[in-house]
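Structure file work_14.tsv with TSV, C-alpha atoms:
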```tsv
chain	number	residue	atom	x	y	z
A	1	MET	CA	113.05	105.55	80.75
A	2	LYS	CA	111.23	107.23	77.91
A	3	SER	CA	110.57	110.93	78.25
A	4	SER	CA	106.80	110.57	77.67
A	5	ARG	CA	106.47	107.98	80.45
A	6	SER	CA	108.40	110.22	82.81
A	7	LEU	CA	106.24	113.22	81.80
A	8	ALA	CA	103.02	111.27	82.48
A	9	LEU	CA	104.15	109.90	85.85
A	10	VAL	CA	105.40	113.26	87.11
A	11	SER	CA	102.16	115.01	86.08
A	12	LEU	CA	99.94	112.30	87.50
A	13	PHE	CA	101.65	112.28	90.89
A	14	ALA	CA	101.45	116.06	91.02
A	15	ALA	CA	97.72	115.55	90.33
A	16	LEU	CA	97.50	113.04	93.20
A	17	MET	CA	98.96	115.70	95.50
A	18	ALA	CA	96.28	118.11	94.30
A	19	VAL	CA	93.54	115.51	94.89
A	20	PHE	CA	94.83	114.98	98.44
A	21	GLY	CA	94.42	118.74	98.93
A	22	LEU	CA	90.75	118.51	97.90
A	23	ILE	CA	90.01	115.80	100.45
A	24	PRO	CA	89.03	117.33	103.80
A	25	LYS	CA	91.61	117.00	106.53
A	26	ILE	CA	91.08	114.54	109.37
A	27	ASP	CA	91.30	115.87	112.90
A	28	LEU	CA	92.75	113.52	115.51
A	29	PRO	CA	91.36	113.61	119.06
A	30	LEU	CA	94.61	115.19	120.30
A	31	GLY	CA	94.01	118.09	117.91
A	32	VAL	CA	96.71	117.30	115.35
A	33	PRO	CA	95.19	117.47	111.87
A	34	ILE	CA	96.16	114.95	109.22
A	35	THR	CA	96.25	116.52	105.77
A	36	LEU	CA	96.92	113.86	103.20
A	37	GLN	CA	99.43	115.89	101.21
A	38	THR	CA	102.49	114.73	103.18
A	39	LEU	CA	101.34	111.21	102.36
A	40	GLY	CA	101.47	112.28	98.69
A	41	VAL	CA	105.13	113.26	99.20
A	42	MET	CA	105.88	109.80	100.64
A	43	LEU	CA	103.99	107.99	97.87
A	44	ALA	CA	105.67	110.02	95.12
A	45	GLY	CA	109.09	109.01	96.47
A	46	CYS	CA	108.16	105.33	96.93
A	47	MET	CA	106.46	104.94	93.55
A	48	LEU	CA	108.58	107.17	91.30
A	49	GLY	CA	112.02	107.20	92.89
A	50	PRO	CA	114.15	110.19	93.87
A	51	LYS	CA	114.37	112.20	90.65
A	52	ARG	CA	110.78	111.89	89.40
A	53	GLY	CA	109.39	112.12	92.92
A	54	PHE	CA	111.27	115.39	93.39
A	55	GLN	CA	110.02	116.67	90.00
A	56	ALA	CA	106.39	115.73	90.75
A	57	ILE	CA	106.32	117.65	94.04
A	58	LEU	CA	108.17	120.58	92.47
A	59	LEU	CA	105.56	120.70	89.68
A	60	PHE	CA	102.79	120.68	92.28
A	61	LEU	CA	104.42	123.51	94.27
A	62	GLY	CA	104.96	125.43	91.01
A	63	ALA	CA	101.21	125.19	90.34
A	64	VAL	CA	100.53	126.43	93.88
A	65	ALA	CA	102.94	129.36	93.37
A	66	LEU	CA	101.11	130.23	90.14
A	67	GLY	CA	97.98	130.84	92.19
A	68	LEU	CA	96.07	127.57	91.99
A	69	PRO	CA	94.34	126.80	95.32
A	70	LEU	CA	95.70	123.26	95.58
A	71	LEU	CA	97.00	123.13	99.14
A	72	SER	CA	94.57	121.66	101.68
A	73	GLY	CA	91.98	124.22	102.71
A	74	GLY	CA	92.07	125.81	99.23
A	75	ARG	CA	95.28	127.76	99.79
A	76	GLY	CA	97.51	128.86	96.92
A	77	GLY	CA	99.58	131.71	95.47
A	78	LEU	CA	102.98	133.09	96.43
A	79	GLY	CA	101.63	134.23	99.80
A	80	VAL	CA	101.65	130.66	101.16
A	81	PHE	CA	105.44	130.60	100.73
A	82	MET	CA	105.77	133.45	103.20
A	83	ALA	CA	104.13	131.77	106.16
A	84	PRO	CA	105.49	129.84	109.18
A	85	SER	CA	104.82	126.57	107.30
A	86	THR	CA	107.09	127.59	104.38
A	87	GLY	CA	109.89	125.30	105.57
A	88	TYR	CA	107.60	122.27	105.37
A	89	LEU	CA	106.53	123.17	101.81
A	90	ILE	CA	110.14	123.64	100.68
A	91	GLY	CA	110.99	120.35	102.41
A	92	TRP	CA	108.38	118.39	100.43
A	93	PRO	CA	110.40	117.86	97.20
A	94	PHE	CA	113.50	117.00	99.22
A	95	GLY	CA	111.40	114.64	101.34
A	96	ALA	CA	110.18	112.90	98.17
A	97	PHE	CA	113.80	112.71	96.95
A	98	VAL	CA	115.08	111.09	100.16
A	99	THR	CA	112.08	108.72	100.29
A	100	GLY	CA	112.71	107.63	96.70
A	101	TRP	CA	116.42	107.29	97.26
A	102	MET	CA	115.93	105.10	100.35
A	103	MET	CA	113.24	103.05	98.60
A	104	ASN	CA	115.70	102.45	95.81
A	105	LEU	CA	118.39	101.27	98.23
A	106	LEU	CA	116.21	99.11	100.47
A	107	PRO	CA	115.07	95.60	99.44
A	108	GLY	CA	111.58	95.33	97.96
A	109	ALA	CA	111.26	92.03	96.12
A	110	SER	CA	108.18	90.78	98.00
A	111	PRO	CA	105.07	92.84	98.88
A	112	ARG	CA	105.92	92.57	102.58
A	113	GLY	CA	109.53	93.60	101.97
A	114	ALA	CA	108.38	96.56	99.84
A	115	ALA	CA	105.96	97.65	102.60
A	116	ILE	CA	108.67	97.53	105.30
A	117	SER	CA	111.07	99.43	103.01
A	118	ALA	CA	108.32	101.98	102.27
A	119	PHE	CA	107.75	102.56	105.99
A	120	ILE	CA	111.49	103.14	106.64
A	121	ALA	CA	111.91	105.29	103.51
A	122	SER	CA	108.82	107.39	104.37
A	123	ALA	CA	109.99	107.88	107.95
A	124	LEU	CA	113.40	109.10	106.76
A	125	GLY	CA	112.19	111.16	103.80
A	126	GLY	CA	108.59	112.21	104.38
A	127	LEU	CA	109.00	112.63	108.13
A	128	LEU	CA	112.61	113.41	109.15
A	129	THR	CA	113.62	115.40	106.06
A	130	VAL	CA	110.39	117.39	105.83
A	131	HIS	CA	110.45	118.17	109.55
A	132	ALA	CA	114.11	119.23	109.36
A	133	PHE	CA	113.15	121.81	106.72
A	134	GLY	CA	110.05	122.67	108.75
A	135	VAL	CA	112.12	123.45	111.84
A	136	VAL	CA	114.42	125.74	109.81
A	137	GLY	CA	111.31	127.46	108.41
A	138	LEU	CA	109.83	127.98	111.89
A	139	VAL	CA	113.14	129.48	113.10
A	140	LYS	CA	113.54	131.79	110.10
A	141	MET	CA	109.91	132.76	109.45
A	142	ALA	CA	108.35	132.74	112.92
A	143	ASN	CA	111.52	133.74	114.82
A	144	LEU	CA	111.32	130.76	117.15
A	145	THR	CA	114.44	129.40	118.84
A	146	TRP	CA	115.75	126.02	117.61
A	147	ALA	CA	114.47	124.32	120.76
A	148	GLN	CA	111.00	125.90	120.46
A	149	ALA	CA	110.78	124.95	116.77
A	150	PHE	CA	111.94	121.40	117.49
A	151	PHE	CA	109.34	120.85	120.22
A	152	GLY	CA	106.73	122.58	118.07
A	153	THR	CA	107.27	120.19	115.16
A	154	LEU	CA	107.07	117.15	117.47
A	155	VAL	CA	103.32	117.77	117.75
A	156	PHE	CA	102.92	116.65	114.12
A	157	VAL	CA	105.05	113.52	114.40
A	158	PRO	CA	102.27	111.12	115.56
A	159	GLY	CA	100.11	112.08	112.56
A	160	ASP	CA	103.05	111.69	110.20
A	161	LEU	CA	103.91	108.27	111.64
A	162	ILE	CA	100.35	107.20	110.82
A	163	LYS	CA	100.97	108.44	107.27
A	164	CYS	CA	104.15	106.32	107.07
A	165	VAL	CA	102.06	103.28	108.03
A	166	LEU	CA	99.42	104.23	105.43
A	167	CYS	CA	102.12	104.65	102.79
A	168	ALA	CA	103.50	101.19	103.62
A	169	MET	CA	99.98	99.71	103.36
A	170	VAL	CA	99.40	101.35	99.98
A	171	VAL	CA	102.78	100.10	98.72
A	172	HIS	CA	101.88	96.59	99.95
A	173	THR	CA	98.56	96.65	98.05
A	174	VAL	CA	100.17	98.10	94.91
A	175	ALA	CA	102.91	95.46	95.06
A	176	ARG	CA	100.19	92.80	94.97
A	177	GLY	CA	97.86	94.59	92.51
A	178	VAL	CA	100.52	95.81	90.04
A	179	PRO	CA	103.27	93.18	90.49
A	180	ASP	CA	105.48	94.53	87.69
A	181	TRP	CA	105.73	97.99	89.30
A	182	HIS	CA	109.29	98.68	90.40
A	183	PHE	CA	109.29	100.87	93.50
A	184	GLY	CA	111.83	103.61	94.15
A	185	GLY	CA	112.28	104.24	90.44
A	186	ARG	CA	114.32	101.07	89.84
A	187	VAL	CA	112.68	100.64	86.43
A	188	LEU	CA	113.17	104.33	85.60
A	189	LYS	CA	116.94	104.10	85.24
B	190	MET	CA	90.19	123.90	88.39
B	191	GLY	CA	89.61	127.54	89.41
B	192	SER	CA	92.49	129.88	90.16
B	193	LEU	CA	92.59	132.62	92.81
B	194	TYR	CA	92.86	135.13	89.92
B	195	SER	CA	90.09	137.73	89.99
B	196	GLU	CA	88.31	138.84	86.80
B	197	HIS	CA	87.34	142.08	88.58
B	198	LEU	CA	89.86	144.39	86.87
B	199	THR	CA	91.99	146.76	88.95
B	200	TRP	CA	94.94	149.08	88.33
B	201	LEU	CA	97.33	146.26	89.27
B	202	HIS	CA	95.92	144.00	86.51
B	203	ARG	CA	97.36	146.47	83.96
B	204	VAL	CA	100.93	146.14	85.29
B	205	PRO	CA	102.92	143.45	83.34
B	206	ALA	CA	103.38	140.17	85.24
B	207	ALA	CA	107.21	140.29	85.09
B	208	ILE	CA	107.36	143.79	86.63
B	209	LYS	CA	104.92	142.82	89.40
B	210	LEU	CA	106.90	139.69	90.13
B	211	ILE	CA	110.24	141.54	90.38
B	212	PHE	CA	108.73	144.41	92.41
B	213	PHE	CA	106.96	142.13	94.89
B	214	ALA	CA	109.94	139.77	95.17
B	215	VAL	CA	112.24	142.69	96.08
B	216	LEU	CA	109.69	144.18	98.51
B	217	GLY	CA	109.02	140.77	100.06
B	218	ALA	CA	112.75	140.12	100.53
B	219	LEU	CA	113.23	143.58	102.08
B	220	GLN	CA	110.70	142.70	104.79
B	221	PHE	CA	113.03	139.96	105.97
B	222	LEU	CA	116.06	142.29	106.13
B	223	LEU	CA	114.32	144.85	108.35
B	224	ASP	CA	114.16	144.57	112.14
B	225	SER	CA	112.61	147.88	113.17
B	226	GLY	CA	109.05	147.53	114.49
B	227	ALA	CA	108.16	151.08	113.36
B	228	VAL	CA	109.43	150.57	109.79
B	229	LEU	CA	107.73	147.17	109.53
B	230	GLY	CA	104.53	148.71	110.92
B	231	ALA	CA	104.63	151.41	108.24
B	232	SER	CA	105.37	148.75	105.62
B	233	ALA	CA	102.42	146.63	106.79
B	234	LEU	CA	100.16	149.70	106.58
B	235	ALA	CA	101.40	150.42	103.02
B	236	CYS	CA	100.84	146.78	101.99
B	237	THR	CA	97.35	146.83	103.54
B	238	LEU	CA	96.50	150.03	101.62
B	239	LEU	CA	97.81	148.50	98.38
B	240	PHE	CA	95.74	145.38	99.04
B	241	ALA	CA	92.64	147.39	99.95
B	242	SER	CA	92.99	149.44	96.74
B	243	LEU	CA	92.23	146.24	94.81
B	244	GLY	CA	88.68	146.24	96.24
B	245	ARG	CA	86.46	143.36	95.12
B	246	ALA	CA	89.37	141.65	93.33
B	247	THR	CA	90.59	140.45	96.73
B	248	TYR	CA	87.35	138.51	97.46
B	249	PRO	CA	88.64	135.10	96.17
B	250	ALA	CA	91.51	135.33	98.68
B	251	ARG	CA	89.50	136.33	101.77
B	252	LYS	CA	89.91	132.93	103.44
B	253	LEU	CA	93.64	133.02	102.77
B	254	VAL	CA	93.99	136.50	104.34
B	255	LEU	CA	92.06	135.30	107.39
B	256	SER	CA	94.36	132.29	107.78
B	257	ILE	CA	97.42	134.60	107.56
B	258	LEU	CA	95.93	136.92	110.18
B	259	LEU	CA	95.31	133.94	112.42
B	260	ALA	CA	98.89	132.66	111.93
B	261	GLY	CA	100.21	136.16	112.76
B	262	LEU	CA	98.09	136.32	115.93
B	263	LEU	CA	99.31	132.88	117.01
B	264	ILE	CA	102.95	133.91	116.50
B	265	MET	CA	102.36	137.10	118.50
B	266	ALA	CA	100.63	135.17	121.28
B	267	PHE	CA	103.42	132.61	121.41
B	268	HIS	CA	106.19	135.21	121.62
B	269	SER	CA	104.24	137.23	124.21
B	270	TRP	CA	103.91	134.06	126.28
B	271	MET	CA	107.71	133.68	125.97
B	272	GLN	CA	108.12	137.28	127.29
B	273	GLN	CA	109.19	138.63	123.88
B	274	PRO	CA	106.14	140.58	122.63
B	275	MET	CA	108.16	142.91	120.37
B	276	LEU	CA	109.76	139.97	118.57
B	277	GLY	CA	106.28	138.52	118.04
B	278	LEU	CA	104.99	141.81	116.62
B	279	VAL	CA	107.96	142.14	114.23
B	280	SER	CA	107.56	138.53	113.00
B	281	ALA	CA	103.81	138.86	112.53
B	282	LEU	CA	104.10	142.21	110.67
B	283	ARG	CA	106.81	140.81	108.40
B	284	LEU	CA	104.80	137.71	107.47
B	285	PHE	CA	101.59	139.70	107.06
B	286	SER	CA	103.18	142.23	104.65
B	287	ALA	CA	105.02	139.63	102.56
B	288	SER	CA	101.90	137.43	102.35
B	289	LEU	CA	99.66	140.34	101.31
B	290	LEU	CA	102.07	141.20	98.50
B	291	GLY	CA	102.06	137.57	97.32
B	292	ILE	CA	98.25	137.44	97.39
B	293	ALA	CA	97.98	140.79	95.56
B	294	LEU	CA	100.17	139.36	92.80
B	295	THR	CA	98.12	136.17	92.62
B	296	VAL	CA	94.68	137.78	92.41
B	297	THR	CA	95.75	140.28	89.73
B	298	THR	CA	97.86	138.06	87.45
B	299	ARG	CA	96.60	135.32	85.14
B	300	THR	CA	98.14	131.90	85.67
B	301	ARG	CA	99.28	131.73	82.02
B	302	ASP	CA	101.04	135.14	82.30
B	303	LEU	CA	102.93	134.01	85.42
B	304	LEU	CA	103.71	130.70	83.71
B	305	SER	CA	105.20	132.49	80.71
B	306	VAL	CA	107.39	134.61	83.06
B	307	PHE	CA	108.55	131.47	84.89
B	308	GLU	CA	109.29	129.75	81.55
B	309	ARG	CA	111.42	132.73	80.48
B	310	VAL	CA	113.22	132.82	83.84
B	311	LEU	CA	113.86	129.07	83.73
B	312	SER	CA	114.88	128.98	80.04
B	313	PRO	CA	118.66	129.00	80.82
B	314	LEU	CA	118.11	125.57	82.40
B	315	GLN	CA	117.61	124.20	78.87
B	316	HIS	CA	121.40	124.39	78.48
B	317	VAL	CA	121.75	121.74	81.20
B	318	GLY	CA	119.15	119.44	79.62
B	319	ILE	CA	115.98	120.48	81.51
B	320	ARG	CA	113.12	120.85	79.05
B	321	THR	CA	111.35	123.91	80.43
B	322	GLU	CA	109.10	124.20	77.34
B	323	ARG	CA	107.22	121.16	78.65
B	324	LEU	CA	106.23	122.96	81.82
B	325	ALA	CA	102.91	124.15	80.35
B	326	LEU	CA	102.09	120.65	79.07
B	327	GLN	CA	102.89	119.09	82.46
B	328	LEU	CA	100.80	121.69	84.24
B	329	ALA	CA	97.86	121.15	81.88
B	330	MET	CA	98.09	117.38	82.35
B	331	MET	CA	98.27	117.77	86.09
B	332	LEU	CA	95.12	119.92	86.23
B	333	ARG	CA	93.23	117.62	83.87
B	334	PHE	CA	94.08	114.60	85.98
B	335	THR	CA	93.34	116.32	89.27
B	336	GLU	CA	89.70	116.56	88.24
B	337	HIS	CA	89.75	113.03	86.81
B	338	PHE	CA	91.21	111.46	89.96
B	339	PHE	CA	88.88	113.38	92.22
B	340	VAL	CA	85.95	111.90	90.28
B	341	VAL	CA	87.56	108.42	90.59
B	342	TRP	CA	87.98	109.00	94.37
B	343	LYS	CA	84.30	109.96	94.70
B	344	ARG	CA	83.21	106.89	92.68
B	345	LEU	CA	85.29	104.55	94.84
B	346	ASP	CA	83.88	106.23	97.94
B	347	ASP	CA	80.29	105.85	96.69
B	348	ALA	CA	80.90	102.19	95.83
B	349	HIS	CA	82.34	101.56	99.32
B	350	ARG	CA	79.40	103.38	100.92
B	351	ILE	CA	76.89	101.24	99.01
B	352	ARG	CA	78.70	98.04	100.02
B	353	THR	CA	79.28	98.82	103.67
B	354	GLY	CA	77.08	101.79	104.58
B	355	LYS	CA	80.18	103.75	105.66
B	356	ALA	CA	82.42	106.32	103.94
B	357	GLY	CA	85.49	104.83	102.27
B	358	GLY	CA	87.96	107.26	103.85
B	359	LEU	CA	91.55	106.10	103.72
B	360	ARG	CA	90.55	102.52	102.81
B	361	ILE	CA	90.13	103.55	99.16
B	362	LEU	CA	93.62	105.06	98.97
B	363	ALA	CA	95.26	101.89	97.69
B	364	PRO	CA	92.68	101.17	94.91
B	365	LEU	CA	92.92	104.85	93.88
B	366	THR	CA	96.71	104.60	93.62
B	367	ILE	CA	96.48	101.40	91.55
B	368	LYS	CA	93.94	103.01	89.18
B	369	MET	CA	96.24	106.02	88.92
B	370	LEU	CA	99.32	103.97	88.08
B	371	ILE	CA	97.41	102.08	85.39
B	372	SER	CA	96.13	105.41	83.97
B	373	ALA	CA	99.68	106.75	84.02
B	374	ARG	CA	100.86	103.87	81.85
B	375	ARG	CA	98.01	104.37	79.39
B	376	VAL	CA	98.66	108.13	79.18
B	377	ALA	CA	102.38	107.52	78.73
B	378	ASP	CA	101.70	105.18	75.80
B	379	THR	CA	99.45	107.80	74.17
B	380	LEU	CA	102.03	110.53	74.73
B	381	GLU	CA	104.73	108.33	73.29
B	382	LEU	CA	102.71	108.05	70.08
B	383	ARG	CA	102.16	111.82	69.97
B	384	LEU	CA	105.65	112.98	70.98
B	385	GLY	CA	107.54	110.10	69.43
B	386	GLU	CA	109.94	109.59	72.38
```
Would you give me this structure, written as structure tokens?
Amino acid sequence: MKSSRSLALVSLFAALMAVFGLIPKIDLPLGVPITLQTLGVMLAGCMLGPKRGFQAILLFLGAVALGLPLLSGGRGGLGVFMAPSTGYLIGWPFGAFVTGWMMNLLPGASPRGAAISAFIASALGGLLTVHAFGVVGLVKMANLTWAQAFFGTLVFVPGDLIKCVLCAMVVHTVARGVPDWHFGGRVLK
Amino acid sequence: MGSLYSEHLTWLHRVPAAIKLIFFAVLGALQFLLDSGAVLGASALACTLLFASLGRATYPARKLVLSILLAGLLIMAFHSWMQQPMLGLVSALRLFSASLLGIALTVTTRTRDLLSVFERVLSPLQHVGIRTERLALQLAMMLRFTEHFFVVWKRLDDAHRIRTGKAGGLRILAPLTIKMLISARRVADTLELRLGE
């Protein structure tokens, strides 16, 4: 893939993450907020593949570290990387990588097939991987035990499962609207 | 896209970005090596005084400080509930101090100065084929398109509201993504002409 195309895609998906931060979070009745930025992680992996998805989220986090208030709720700066949620933030680029990697491996010839693959890839990358990092972060930063951190992170799983479904729906629509788009970075090789 | 940087000049604005970054990184890391409640308490007091010395420059980050205080209180409450109040206090003090240092750096250092430090730090990666000189271009493109896509999101939302009388919400996510992918292709073609690769 040409360098300019890669540059544009990485920057634009980092921008999508920033836009998701500007959109107010949705509060579910059970009190678990849905911020759209984890959905951005899943979409970056599904649309760009492992390498570019990883780069896009890393670029976004770099902008946050530089002081831009791009995380939901207008948070930014190095201070946000020293909070209990640090593990989740560090897990984002790895989540995008795993999502992209799985999307690349799973079949996606038809829109329905791409949507099912996107759901599985998002659940493994955007959910399992990110939460694994999140649990480590809770243990290291908030001094919780592994069991406490594990049960703590479970609270966010229903919201994240909804995001996996949303990601699959978006992939389904994109597969129909932009039929020559190759998910999981297949075209980027 | 506004930054958390404050134009209200303070003594910390005059310290070079690289020195602040090294100093705060070392101090922040030290917080995580200490376990003594008394030492961490003294450290939190010192960090609070440093932060307070910045006066009005800290105003853009007030919400952030409040959210950190709240997170600290929640951690303390949780550990107290688990019969470990001292552990809660130590964790909260550690996070509070490290976060205040990070915020102090952010409000007193221009984004471009930090970017130039990061570019210098990352420059050895050029030997393994990573083009760090493009970081500034990527960042600029990202910020430009953040505003652009937010406007597109609002337009799609308005159009949906006119059609149905309800906010678009997550229903406009797919059309936004399609518009974005098409824009990405157009921008890539333009860049290809400019950069020649």
Exercise. For chain B, report every residue with an atom at most 7 Å from chain A (counting all atoms listed in the file), formatted as a PyMOL selection string.
Key: chain B and resi 191-193+253+264+280+284+287-289+291-292+295+300+303-304+327+330-332+334-335+338-339+362-363+367+373+376-377+380-381+386
Practice problem: Using all atoms listed in the file, find all polymer residues with an atom at most 10 Å away from the point (108.2, 137.0, 86.7); report them as an MDAnalysis selection string. | Solution: chainID B and resid 205:214 302:310
Write out the residues from the selection above, keeping C-alpha atoms, as a short mmCIF file (atom, residue, chain, number, x, y, z; two decimals), in the frame of the given file.
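Written output follows (part08.cif):
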```cif
data_model
loop_
_atom_site.label_atom_id
_atom_site.label_comp_id
_atom_site.auth_asym_id
_atom_site.auth_seq_id
_atom_site.Cartn_x
_atom_site.Cartn_y
_atom_site.Cartn_z
CA PRO B 205 102.92 143.45 83.34
CA ALA B 206 103.38 140.17 85.24
CA ALA B 207 107.21 140.29 85.09
CA ILE B 208 107.36 143.79 86.63
CA LYS B 209 104.92 142.82 89.40
CA LEU B 210 106.90 139.69 90.13
CA ILE B 211 110.24 141.54 90.38
CA PHE B 212 108.73 144.41 92.41
CA PHE B 213 106.96 142.13 94.89
CA ALA B 214 109.94 139.77 95.17
CA ASP B 302 101.04 135.14 82.30
CA LEU B 303 102.93 134.01 85.42
CA LEU B 304 103.71 130.70 83.71
CA SER B 305 105.20 132.49 80.71
CA VAL B 306 107.39 134.61 83.06
CA PHE B 307 108.55 131.47 84.89
CA GLU B 308 109.29 129.75 81.55
CA ARG B 309 111.42 132.73 80.48
CA VAL B 310 113.22 132.82 83.84
#
```
Practice problem: Enter the distance from atom CA of A:Gly95 to atom CA of B:Leu359, in Å, rounded to one decimal. | Solution: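 Between atom CA of A:Gly95 and atom CA of B:Leu359 the gap is 21.7 Å.
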Practice problem: Could you please determine the separation between atom CA of A:Phe94 and atom CA of A:Val130 in Å, to one decimal place? | Solution: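 Distance reported for this atom pair: 7.3 Å.
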Self-check item: Atomic distance atom CA of B:Cys236 - atom CA of B:Ser286, expressed in Å with one decimal
Solution: 5.8 Å
Quiz item: Neighbours of A:Ala168 within 10 Å (only C-alpha atoms; same-chain residues fewer than 3 positions away dropped), as a ChimeraX atom specification?
Solution: /A:42-43,46,111-122,162-165,171-174
Quiz item: Can you tell me, as a list in words, what residues are no more than 9 Å from A:Pro50 when counting all atoms listed in the file, ignoring any on the same chain fewer than 6 positions away?
Solution: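 Close residues of A:Pro50: Ala44, Phe94, Ala96, Phe97, Val98, Thr99, Gly100, Trp101, Met102, Met103, Asn104, Gly184 and Gly185 of chain A.
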Practice problem: For stretch 340-353 of chain B, please output as JSON, numbers by chain all residues within 9 Å (counting only C-alpha atoms; exclusion window: fewer than 2 positions along the same chain). | Solution: {"A": [19], "B": [335, 336, 337, 338, 355, 356, 357, 358, 360, 361, 362, 364, 365, 368]}
Self-check item: Nearest to A:Val136, chosen from A:Thr35, A:Ser72, A:Gln148, A:Ser110, with only C-alpha atoms counted in the distances
Solution: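 Closest residue, counting only C-alpha atoms: A:Gln148.
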N, CA and C atoms for stretch 221-237 of chain B, written as a compact mmCIF listing (two decimals), keeping the file's coordinate frame, could you do that?
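That gives us part19.txt:
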```
# COMPACT_ATOMS: atom_id res chain seq x y z
N PHE B 221 112.27 140.89 105.15
CA PHE B 221 113.03 139.96 105.97
C PHE B 221 114.40 140.51 106.35
N LEU B 222 114.78 141.67 105.77
CA LEU B 222 116.06 142.29 106.13
C LEU B 222 115.87 143.35 107.21
N LEU B 223 114.60 143.78 107.38
CA LEU B 223 114.32 144.85 108.35
C LEU B 223 114.03 144.26 109.74
N ASP B 224 114.40 145.02 110.77
CA ASP B 224 114.16 144.57 112.14
C ASP B 224 113.37 145.59 112.96
N SER B 225 113.26 146.81 112.41
CA SER B 225 112.61 147.88 113.17
C SER B 225 111.09 147.71 113.17
N GLY B 226 110.50 147.68 114.36
CA GLY B 226 109.05 147.53 114.49
C GLY B 226 108.31 148.67 113.80
N ALA B 227 108.84 149.91 113.94
CA ALA B 227 108.16 151.08 113.36
C ALA B 227 108.17 151.00 111.84
N VAL B 228 109.33 150.64 111.26
CA VAL B 228 109.43 150.57 109.79
C VAL B 228 108.54 149.43 109.27
N LEU B 229 108.56 148.30 109.96
CA LEU B 229 107.73 147.17 109.53
C LEU B 229 106.24 147.48 109.69
N GLY B 230 105.91 148.28 110.72
CA GLY B 230 104.53 148.71 110.92
C GLY B 230 104.08 149.58 109.75
N ALA B 231 104.95 150.53 109.36
CA ALA B 231 104.63 151.41 108.24
C ALA B 231 104.51 150.59 106.95
N SER B 232 105.39 149.60 106.80
CA SER B 232 105.37 148.75 105.62
C SER B 232 104.07 147.93 105.57
N ALA B 233 103.66 147.42 106.74
CA ALA B 233 102.42 146.63 106.79
C ALA B 233 101.22 147.50 106.43
N LEU B 234 101.25 148.76 106.89
CA LEU B 234 100.16 149.70 106.58
C LEU B 234 100.12 149.95 105.07
N ALA B 235 101.32 150.17 104.47
CA ALA B 235 101.40 150.42 103.02
C ALA B 235 100.89 149.20 102.25
N CYS B 236 101.28 148.01 102.68
CA CYS B 236 100.84 146.78 101.99
C CYS B 236 99.33 146.61 102.13
N THR B 237 98.80 146.95 103.32
CA THR B 237 97.35 146.83 103.54
C THR B 237 96.60 147.80 102.62
```
